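**Student:** First the structure, which I've put down as structure tokens, then a few questions once you've had a look.
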Amino acid sequence: MRYLVSVVDDKDNPGSTDGRPDVGEFNERLIAAGYWVLAGGLADPAAATVIDARGEVPVVSDGPFVESKEYLGGVWIWDVPDLDVALKLAAEASKVCRRKLEVRPFQEPVE
């Protein structure tokens, strides 16, 4: 099963970047186990652009779609056997990246 693992950062108490070597080592373990699909950090929410093309004319606005003290700082996508494995890995990942995480399964594709 594939899981989106969202790295949650906090404007009032941002995570430090001194754990990057630990995150790199963790990613290498994910790759070696065949669990790693992709990972990446995201720019500050102020760099976001929101596009809403549900109406006749697309509306484009600067900034994040929601203002919040917590924001999405990065993501992993893992392909693991089950939720138990995802949660165990997420506990390790939270420790190495020094941030809290949200683990969410992808929906099964509609056929």
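Naming works like this for the structure tokens: A, B, ... for the chains as they're shown, residue 1 at the start of each chain, ligands 1 onward in shown order.
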Taking a cut-off of 10 Å and counting only C-alpha atoms, can you build a table that, for each residue of range 3-37 of chain A near range 54-73 of chain A, reports the nearest atom pair and how far apart they are in Å (one decimal), sorted by chain then residue number, as a Markdown table?
**Tutor:**
```
| residue | atom | partner | partner_atom | distance |
| --- | --- | --- | --- | --- |
| A:Ser6 | CA | A:Leu72 | CA | 6.5 |
| A:Val7 | CA | A:Gly73 | CA | 5.4 |
| A:Val8 | CA | A:Leu72 | CA | 5.0 |
| A:Asp9 | CA | A:Gly73 | CA | 5.4 |
| A:Asp10 | CA | A:Glu70 | CA | 4.4 |
| A:Lys11 | CA | A:Lys69 | CA | 5.2 |
| A:Asp12 | CA | A:Lys69 | CA | 6.8 |
| A:Asn13 | CA | A:Lys69 | CA | 9.2 |
| A:Pro14 | CA | A:Glu70 | CA | 9.1 |
| A:Gly15 | CA | A:Gly73 | CA | 9.5 |
```
**Student:** Please save C-alpha atoms of the selected residues as a CSV table (one decimal), in the first residue's frame.
**Tutor:**
```
chain,number,residue,atom,x,y,z
A,6,SER,CA,3.3,14.7,5.3
A,7,VAL,CA,5.9,16.6,7.3
A,8,VAL,CA,4.2,19.2,9.5
A,9,ASP,CA,6.2,22.3,10.3
A,10,ASP,CA,5.3,25.1,12.6
A,11,LYS,CA,5.8,28.8,12.1
A,12,ASP,CA,6.1,29.4,15.8
A,13,ASN,CA,8.5,26.5,16.4
A,14,PRO,CA,10.1,25.5,13.1
A,15,GLY,CA,12.1,22.3,12.9
```
**Student:** Among chain A, which ones does DSSP assign to helix (DSSP H, G or I) (computed from the backbone)? Answer as a PyMOL selection string.
**Tutor:** chain A and resi 20-33+45-47+83-97
**Student:** Residues at most 8 Å from Gly40 in chain A, counting only C-alpha atoms, excluding those fewer than 6 positions away in the same chain, as a list in words?
**Tutor:**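 Answer for this query is Gly74, Val75 and Trp76 of chain A.
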**Student:** Residues of range 16-80 of chain A that have any atom at most 12 Å from an atom of range 91-101 of chain A: could you tabulate them with the shortest-distance atom pair and the distance in Å to one decimal, using only C-alpha atoms, ordered by chain and increasing number, as a Markdown table?
**Tutor:**
```
| residue | atom | partner | partner_atom | distance |
| --- | --- | --- | --- | --- |
| A:Ser16 | CA | A:Arg98 | CA | 7.2 |
| A:Thr17 | CA | A:Cys97 | CA | 8.0 |
| A:Asp18 | CA | A:Cys97 | CA | 8.8 |
| A:Gly19 | CA | A:Cys97 | CA | 5.8 |
| A:Arg20 | CA | A:Cys97 | CA | 7.1 |
| A:Pro21 | CA | A:Val96 | CA | 8.9 |
| A:Asp22 | CA | A:Val96 | CA | 5.6 |
| A:Val23 | CA | A:Val96 | CA | 5.7 |
| A:Gly24 | CA | A:Val96 | CA | 9.3 |
| A:Glu25 | CA | A:Val96 | CA | 9.2 |
| A:Phe26 | CA | A:Ala93 | CA | 7.2 |
| A:Asn27 | CA | A:Ala93 | CA | 9.1 |
| A:Arg29 | CA | A:Ala93 | CA | 11.1 |
| A:Leu30 | CA | A:Ala93 | CA | 10.3 |
| A:Ala39 | CA | A:Ala93 | CA | 11.8 |
| A:Gly41 | CA | A:Cys97 | CA | 10.9 |
| A:Glu70 | CA | A:Lys100 | CA | 10.3 |
| A:Tyr71 | CA | A:Lys100 | CA | 10.9 |
| A:Leu72 | CA | A:Leu101 | CA | 9.4 |
| A:Gly73 | CA | A:Arg99 | CA | 9.3 |
| A:Gly74 | CA | A:Leu101 | CA | 9.6 |
| A:Val75 | CA | A:Leu101 | CA | 9.1 |
| A:Trp76 | CA | A:Ala93 | CA | 9.8 |
| A:Trp78 | CA | A:Ala93 | CA | 11.7 |
```
**Student:** In Å, rounded to a single decimal, give me how far CA of Ala90 in chain A is from CA of Tyr35 in chain A.
**Tutor:** 12.1 Å
**Student:** Near Arg2 in chain A, within 12 Å and counting only C-alpha atoms, which residues show up once chain neighbours fewer than 4 positions away are dropped, as a list of chain:residue names?
**Tutor:**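 Skipping anything fewer than 4 positions along the chain leaves A:Gly34, A:Tyr35, A:Trp36, A:Val37, A:Leu38, A:Trp76, A:Ile77, A:Trp78, A:Asp79, A:Val80, A:Pro81, A:Asp82, A:Leu83, A:Val85, A:Ala86, A:Val103, A:Arg104, A:Pro105, A:Phe106, A:Gln107, A:Glu108, A:Pro109.
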